[in-house]
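Dropping work.pdb in here (PDB, C-alpha atoms, pLDDT in the B column):
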ATOM      1  CA  MET A 219       0.000   0.000   0.000  1.00 58.00           C
ATOM      2  CA  LYS A 220       1.374   3.383  -0.973  1.00 74.00           C
ATOM      3  CA  TRP A 221       1.391   5.637   2.043  1.00 81.00           C
ATOM      4  CA  VAL A 222       3.008   8.842   0.848  1.00 95.00           C
ATOM      5  CA  ASP A 223       1.566  11.629  -1.282  1.00 97.00           C
ATOM      6  CA  GLU A 224       4.492  11.795  -3.707  1.00 97.00           C
ATOM      7  CA  ILE A 225       7.897  10.222  -4.298  1.00 97.00           C
ATOM      8  CA  VAL A 226      10.480  11.799  -6.596  1.00 98.00           C
ATOM      9  CA  VAL A 227      13.417   9.536  -7.462  1.00 97.00           C
ATOM     10  CA  ASP A 228      16.860  10.599  -8.685  1.00 97.00           C
ATOM     11  CA  ALA A 229      18.304   7.164  -9.478  1.00 94.00           C
ATOM     12  CA  ALA A 230      21.481   8.608 -11.007  1.00 94.00           C
ATOM     13  CA  GLY A 231      22.174  10.527  -7.786  1.00 96.00           C
ATOM     14  CA  GLY A 232      21.079   7.665  -5.516  1.00 95.00           C
ATOM     15  CA  ARG A 233      18.448   9.854  -3.840  1.00 98.00           C
ATOM     16  CA  ALA A 234      14.701  10.051  -3.395  1.00 98.00           C
ATOM     17  CA  GLU A 235      12.354  12.538  -1.770  1.00 98.00           C
ATOM     18  CA  ALA A 236       8.941  11.682  -0.383  1.00 98.00           C
ATOM     19  CA  SER A 237       6.245  13.993   0.937  1.00 98.00           C
ATOM     20  CA  LEU A 238       3.324  13.325   3.264  1.00 98.00           C
ATOM     21  CA  TYR A 239       0.759  15.962   4.206  1.00 98.00           C
ATOM     22  CA  VAL A 240      -0.673  15.357   7.681  1.00 97.00           C
ATOM     23  CA  SER A 241      -4.391  15.992   7.431  1.00 96.00           C
ATOM     24  CA  ALA A 242      -6.268  16.966  10.590  1.00 94.00           C
ATOM     25  CA  ASP A 243      -8.901  14.297   9.855  1.00 93.00           C
ATOM     26  CA  ALA A 244      -6.411  11.441   9.305  1.00 92.00           C
ATOM     27  CA  ALA A 245      -7.627   8.292  11.055  1.00 91.00           C
ATOM     28  CA  TYR A 246      -4.232   7.584  12.681  1.00 89.00           C
ATOM     29  CA  LEU A 247      -4.460  10.839  14.671  1.00 92.00           C
ATOM     30  CA  ALA A 248      -7.589   9.735  16.568  1.00 89.00           C
ATOM     31  CA  ASP A 249      -5.572   7.768  19.121  1.00 90.00           C
ATOM     32  CA  HIS A 250      -2.115   9.283  18.661  1.00 89.00           C
ATOM     33  CA  PHE A 251      -2.544  11.269  20.890  1.00 88.00           C
ATOM     34  CA  PRO A 252      -6.047  12.463  21.893  1.00 86.00           C
ATOM     35  CA  GLY A 253      -5.926  16.220  22.437  1.00 90.00           C
ATOM     36  CA  TRP A 254      -2.349  16.390  21.163  1.00 94.00           C
ATOM     37  CA  PRO A 255      -2.388  14.890  17.617  1.00 96.00           C
ATOM     38  CA  THR A 256       1.012  13.769  16.368  1.00 96.00           C
ATOM     39  CA  LEU A 257       2.139  11.823  13.311  1.00 97.00           C
ATOM     40  CA  PRO A 258       3.336   8.451  14.665  1.00 96.00           C
ATOM     41  CA  GLY A 259       7.074   7.821  14.333  1.00 96.00           C
ATOM     42  CA  LEU A 260       6.340   4.494  12.661  1.00 95.00           C
ATOM     43  CA  LEU A 261       4.558   6.346   9.852  1.00 96.00           C
ATOM     44  CA  MET A 262       7.552   8.654   9.460  1.00 98.00           C
ATOM     45  CA  LEU A 263       9.682   5.533   9.056  1.00 98.00           C
ATOM     46  CA  GLU A 264       7.179   3.993   6.618  1.00 97.00           C
ATOM     47  CA  THR A 265       7.432   7.135   4.477  1.00 98.00           C
ATOM     48  CA  ALA A 266      11.218   6.662   4.361  1.00 98.00           C
ATOM     49  CA  VAL A 267      10.929   2.945   3.571  1.00 97.00           C
ATOM     50  CA  GLN A 268       8.544   3.556   0.679  1.00 96.00           C
ATOM     51  CA  ALA A 269      10.859   6.205  -0.777  1.00 97.00           C
ATOM     52  CA  ALA A 270      13.845   3.855  -0.371  1.00 97.00           C
ATOM     53  CA  ALA A 271      11.989   0.995  -2.076  1.00 94.00           C
ATOM     54  CA  ALA A 272      11.087   3.246  -5.016  1.00 94.00           C
ATOM     55  CA  LEU A 273      14.723   4.384  -5.258  1.00 95.00           C
ATOM     56  CA  TRP A 274      16.126   0.843  -5.137  1.00 93.00           C
ATOM     57  CA  GLN A 275      13.651  -0.337  -7.761  1.00 90.00           C
ATOM     58  CA  ALA A 276      14.553   2.596 -10.044  1.00 90.00           C
ATOM     59  CA  ASP A 277      18.306   2.056  -9.524  1.00 82.00           C
ATOM     60  CA  CYS A 278      18.223  -1.527 -10.816  1.00 78.00           C
ATOM     61  CA  THR A 279      18.004  -2.596 -14.437  1.00 67.00           C
ATOM     62  CA  TRP A 280      15.829  -5.506 -13.290  1.00 67.00           C
ATOM     63  CA  PRO A 281      12.860  -4.439 -11.131  1.00 67.00           C
ATOM     64  CA  ILE A 282      12.789  -5.728  -7.563  1.00 77.00           C
ATOM     65  CA  SER A 283       9.305  -6.770  -6.506  1.00 77.00           C
ATOM     66  CA  ASP A 284       8.129  -5.864  -3.015  1.00 82.00           C
ATOM     67  CA  PRO A 285      11.337  -5.104  -1.101  1.00 90.00           C
ATOM     68  CA  TRP A 286      10.828  -5.299   2.665  1.00 91.00           C
ATOM     69  CA  MET A 287      12.630  -3.963   5.704  1.00 95.00           C
ATOM     70  CA  ASP A 288      15.363  -6.314   6.813  1.00 95.00           C
ATOM     71  CA  ARG A 289      16.868  -4.249   9.617  1.00 97.00           C
ATOM     72  CA  LEU A 290      16.342  -0.941  11.373  1.00 98.00           C
ATOM     73  CA  GLU A 291      19.699   0.334  12.571  1.00 98.00           C
ATOM     74  CA  GLU A 292      18.648   3.762  13.852  1.00 98.00           C
ATOM     75  CA  LEU A 293      15.466   5.780  14.243  1.00 98.00           C
ATOM     76  CA  LYS A 294      15.478   9.117  16.043  1.00 98.00           C
ATOM     77  CA  ILE A 295      12.456  11.346  16.252  1.00 98.00           C
ATOM     78  CA  THR A 296      13.562  14.876  17.101  1.00 98.00           C
ATOM     79  CA  ARG A 297      10.383  16.901  16.551  1.00 97.00           C
ATOM     80  CA  ARG A 298       6.622  16.355  16.498  1.00 96.00           C
ATOM     81  CA  VAL A 299       4.836  16.482  13.149  1.00 98.00           C
ATOM     82  CA  VAL A 300       1.319  17.834  13.625  1.00 97.00           C
ATOM     83  CA  PRO A 301      -1.800  18.308  11.490  1.00 97.00           C
ATOM     84  CA  SER A 302      -1.486  20.707   8.546  1.00 97.00           C
ATOM     85  CA  GLU A 303       2.273  20.120   8.300  1.00 98.00           C
ATOM     86  CA  THR A 304       4.021  18.359   5.425  1.00 98.00           C
ATOM     87  CA  LEU A 305       6.721  15.826   6.185  1.00 98.00           C
ATOM     88  CA  ILE A 306       9.512  15.716   3.595  1.00 98.00           C
ATOM     89  CA  VAL A 307      11.762  12.658   3.778  1.00 98.00           C
ATOM     90  CA  LEU A 308      15.102  12.617   1.958  1.00 98.00           C
ATOM     91  CA  VAL A 309      16.556   9.158   1.340  1.00 98.00           C
ATOM     92  CA  GLN A 310      20.081   8.261   0.188  1.00 98.00           C
ATOM     93  CA  LEU A 311      21.118   4.831  -1.109  1.00 97.00           C
ATOM     94  CA  LYS A 312      24.326   3.850   0.705  1.00 97.00           C
ATOM     95  CA  ALA A 313      25.195   0.330  -0.520  1.00 94.00           C
ATOM     96  CA  VAL A 314      23.835  -2.707  -2.346  1.00 90.00           C
ATOM     97  CA  GLU A 315      25.129  -6.165  -1.431  1.00 87.00           C
ATOM     98  CA  GLU A 316      23.880  -9.742  -1.182  1.00 81.00           C
ATOM     99  CA  GLY A 317      20.281  -8.910  -2.127  1.00 86.00           C
ATOM    100  CA  THR A 318      19.998  -6.055   0.333  1.00 91.00           C
ATOM    101  CA  ALA A 319      20.342  -2.283   0.117  1.00 94.00           C
ATOM    102  CA  SER A 320      21.284   0.154   2.893  1.00 97.00           C
ATOM    103  CA  PHE A 321      19.739   3.608   3.196  1.00 98.00           C
ATOM    104  CA  ALA A 322      19.975   6.747   5.288  1.00 98.00           C
ATOM    105  CA  ALA A 323      16.974   9.034   5.653  1.00 98.00           C
ATOM    106  CA  ARG A 324      16.110  12.301   7.274  1.00 98.00           C
ATOM    107  CA  GLY A 325      12.762  13.944   7.739  1.00 98.00           C
ATOM    108  CA  LEU A 326      12.081  17.660   7.605  1.00 98.00           C
ATOM    109  CA  VAL A 327       9.140  19.933   8.303  1.00 98.00           C
ATOM    110  CA  ALA A 328       9.511  23.477   6.957  1.00 97.00           C
ATOM    111  CA  GLY A 329      13.275  22.902   6.796  1.00 97.00           C
ATOM    112  CA  GLU A 330      13.490  21.783  10.426  1.00 98.00           C
ATOM    113  CA  SER A 331      14.780  18.283  11.183  1.00 98.00           C
ATOM    114  CA  CYS A 332      12.207  15.942  12.723  1.00 98.00           C
ATOM    115  CA  MET A 333      13.536  12.420  12.082  1.00 98.00           C
ATOM    116  CA  ARG A 334      16.564  10.466  10.963  1.00 98.00           C
ATOM    117  CA  ALA A 335      16.926   6.790  10.228  1.00 98.00           C
ATOM    118  CA  ARG A 336      19.292   4.156   8.897  1.00 98.00           C
ATOM    119  CA  PHE A 337      17.866   0.874   7.653  1.00 98.00           C
ATOM    120  CA  ARG A 338      18.306  -2.004   5.233  1.00 97.00           C
ATOM    121  CA  LEU A 339      15.806  -3.388   2.722  1.00 96.00           C
ATOM    122  CA  ARG A 340      15.873  -6.936   1.366  1.00 93.00           C
ATOM    123  CA  ALA A 341      14.690  -8.180  -2.024  1.00 89.00           C
ATOM    124  CA  ALA A 342      11.478 -10.214  -1.758  1.00 81.00           C
ATOM    125  CA  SER A 343      12.723 -13.376  -3.484  1.00 71.00           C
ATOM    126  CA  ALA A 344      15.997 -15.196  -4.044  1.00 55.00           C
ATOM    127  CA  MET A 345      15.819 -14.351  -7.765  1.00 57.00           C
ATOM    128  CA  ASP A 346      15.279 -10.671  -6.973  1.00 59.00           C
ATOM    129  CA  ALA A 347      18.174 -10.808  -4.514  1.00 59.00           C
ATOM    130  CA  ALA A 348      20.565 -12.284  -7.074  1.00 58.00           C
ATOM    131  CA  LEU A 349      19.528  -9.793  -9.727  1.00 59.00           C
ATOM    132  CA  ALA A 350      19.658  -6.845  -7.313  1.00 57.00           C
ATOM    133  CA  THR A 351      23.208  -7.693  -6.316  1.00 59.00           C
ATOM    134  CA  CYS A 352      24.413  -8.181  -9.887  1.00 55.00           C
ATOM    135  CA  ARG A 353      22.598  -5.436 -11.739  1.00 53.00           C
ATOM    136  CA  CYS A 354      22.288  -2.490  -9.394  1.00 61.00           C
ATOM    137  CA  SER A 355      24.670   0.389  -9.570  1.00 53.00           C
ATOM    138  CA  THR A 356      27.383  -0.069  -6.949  1.00 48.00           C
ATOM    139  CA  ARG A 357      29.100   3.278  -7.461  1.00 45.00           C
ATOM    140  CA  ARG A 358      28.418   4.399  -3.895  1.00 44.00           C
TER     141      ARG A 358
END
Would it be possible to restate this file's structure as structure tokens?
Amino acid sequence: MKWVDEIVVDAAGGRAEASLYVSADAAYLADHFPGWPTLPGLLMLETAVQAAAALWQADCTWPISDPWMDRLEELKITRRVVPSETLIVLVQLKAVEEGTASFAARGLVAGESCMRARFRLRAASAMDAALATCRCSTRR
């Protein structure tokens, strides 16, 4: 399921940018937190993961179907994201090896840092993993 509003991929530069507008009537705000609505950190991370997956798929000559999160190495939330704000997540591809890809991400609201993460995605199947390792750009 696509979560974000928009993803722009720069495969040649190994970067992607995703945006998510936080609507005041979003269902996830009802219980997070009543009277003090805040975008959940997990949804910030999901925005980064979807941007990273789009980047990895665009970077390979053979499309990778359904990459999934293999490992979360770091997630730091440094600022609340509240209704009527737009989260911008910048993702950088760090390395591709053995059917996995490593990424760094940072989230911004109006230019102010709100999140940073480092994580690894894994190709969905053994065939995807072999192709991802052999055919992705490894210039990084």
If you count all atoms listed in the file, which residues fall within 6 Å of stretch 229-241 of chain A, apart from same-chain ones fewer than 3 positions away, as a count of residues only? 21
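You can rank A:Ala319, A:Met287, A:Val227, A:Ile295 by their closest distance to A:Thr256 using only C-alpha atoms, and at the top of that list sits A:Ile295.
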Taking (5.7, 6.6, 4.0) in the file's coordinates, which residues come within 7 Å, counting only C-alpha atoms, written as a list in words? Trp221, Val222, Leu261, Met262, Leu263, Glu264, Thr265, Ala266, Val267 and Gln268 of chain A
C-alpha atoms of the current selection, written as an mmCIF file, keeping the file's coordinate frame:
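Saved the output as result-v4.cif:
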data_model
loop_
_atom_site.group_PDB
_atom_site.id
_atom_site.type_symbol
_atom_site.label_atom_id
_atom_site.label_comp_id
_atom_site.auth_asym_id
_atom_site.auth_seq_id
_atom_site.Cartn_x
_atom_site.Cartn_y
_atom_site.Cartn_z
ATOM 1 C CA TRP A 221 1.391 5.637 2.043
ATOM 2 C CA VAL A 222 3.008 8.842 0.848
ATOM 3 C CA LEU A 261 4.558 6.346 9.852
ATOM 4 C CA MET A 262 7.552 8.654 9.460
ATOM 5 C CA LEU A 263 9.682 5.533 9.056
ATOM 6 C CA GLU A 264 7.179 3.993 6.618
ATOM 7 C CA THR A 265 7.432 7.135 4.477
ATOM 8 C CA ALA A 266 11.218 6.662 4.361
ATOM 9 C CA VAL A 267 10.929 2.945 3.571
ATOM 10 C CA GLN A 268 8.544 3.556 0.679
#
Which residues, named as in the file, does the PyMOL selection byres ((chain A and resi 335) around 6) pick out? Answer as an MDAnalysis selection string. chainID A and resid 292:293 322:323 334 336
Just to confirm, what's the straight-line distance from atom CA of A:Asp288 to atom CA of A:Pro258 in Å (one decimal)?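 Straight-line distance from atom CA of A:Asp288 to atom CA of A:Pro258 works out to 20.6 Å.
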Counting all atoms listed in the file, find the residues whose atoms lie at most 6 Å from (18.8, -2.5, 3.1) (file coordinates) and write them out as a PDB file with C-alpha atoms, in the coordinates of the input.
ATOM      1  CA  THR A 318      19.998  -6.055   0.333  1.00 91.00           C
ATOM      2  CA  ALA A 319      20.342  -2.283   0.117  1.00 94.00           C
ATOM      3  CA  SER A 320      21.284   0.154   2.893  1.00 97.00           C
ATOM      4  CA  PHE A 337      17.866   0.874   7.653  1.00 98.00           C
ATOM      5  CA  ARG A 338      18.306  -2.004   5.233  1.00 97.00           C
ATOM      6  CA  LEU A 339      15.806  -3.388   2.722  1.00 96.00           C
ATOM      7  CA  ARG A 340      15.873  -6.936   1.366  1.00 93.00           C
TER       8      ARG A 340
END
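Atom to atom, atom CA of A:Lys294 and atom CA of A:Gly329 stand 16.7 Å apart.
Remark: for A:Ala272, the closest of the candidate residues A:Arg324, A:Arg289, A:Lys312, A:Lys220 is A:Lys220 (distances computed over all atoms listed in the file).
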All residues 7 Å or closer to A:Ala342, all atoms listed in the file, same chain fewer than 3 positions away omitted, as a VMD selection string: chain A and resid 283 to 286 346
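Minimum distance to A:Pro255 across A:Gly325, A:Glu291, A:Glu315, A:Asp243 (counting all atoms listed in the file) occurs at A:Asp243.
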Rounded to one decimal place, report the atom CA of A:Leu257-atom CA of A:Arg298 distance in Å. 7.1 Å
A:Ala313, A:Ala242, A:Cys278, A:Val327 ranked by distance to A:Thr296, top pick (using all atoms listed in the file):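 Looking only at the distances to A:Thr296, the closest residue turns out to be A:Val327.
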Please determine an axis-aligned box that encloses all atoms of stretch 288-305 of chain A listed in the file, with 8 Å added on each side, and express its centre and edge lengths in Å to one decimal as JSON.
{"center_x": 8.9, "center_y": 7.2, "center_z": 11.3, "size_x": 37.5, "size_y": 43.0, "size_z": 27.7}
Could you tell me which of A:Val300, A:Gly259, A:Leu247, A:Ile282 comes closest to A:Gly317 if we count only C-alpha atoms?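 Nearest candidate to A:Gly317 out of A:Val300, A:Gly259, A:Leu247, A:Ile282: A:Ile282.
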Using only C-alpha atoms, can you tell me which of A:Glu330, A:Ala248, A:Gln275, A:Gly253 comes closest to A:Val299? A:Glu330
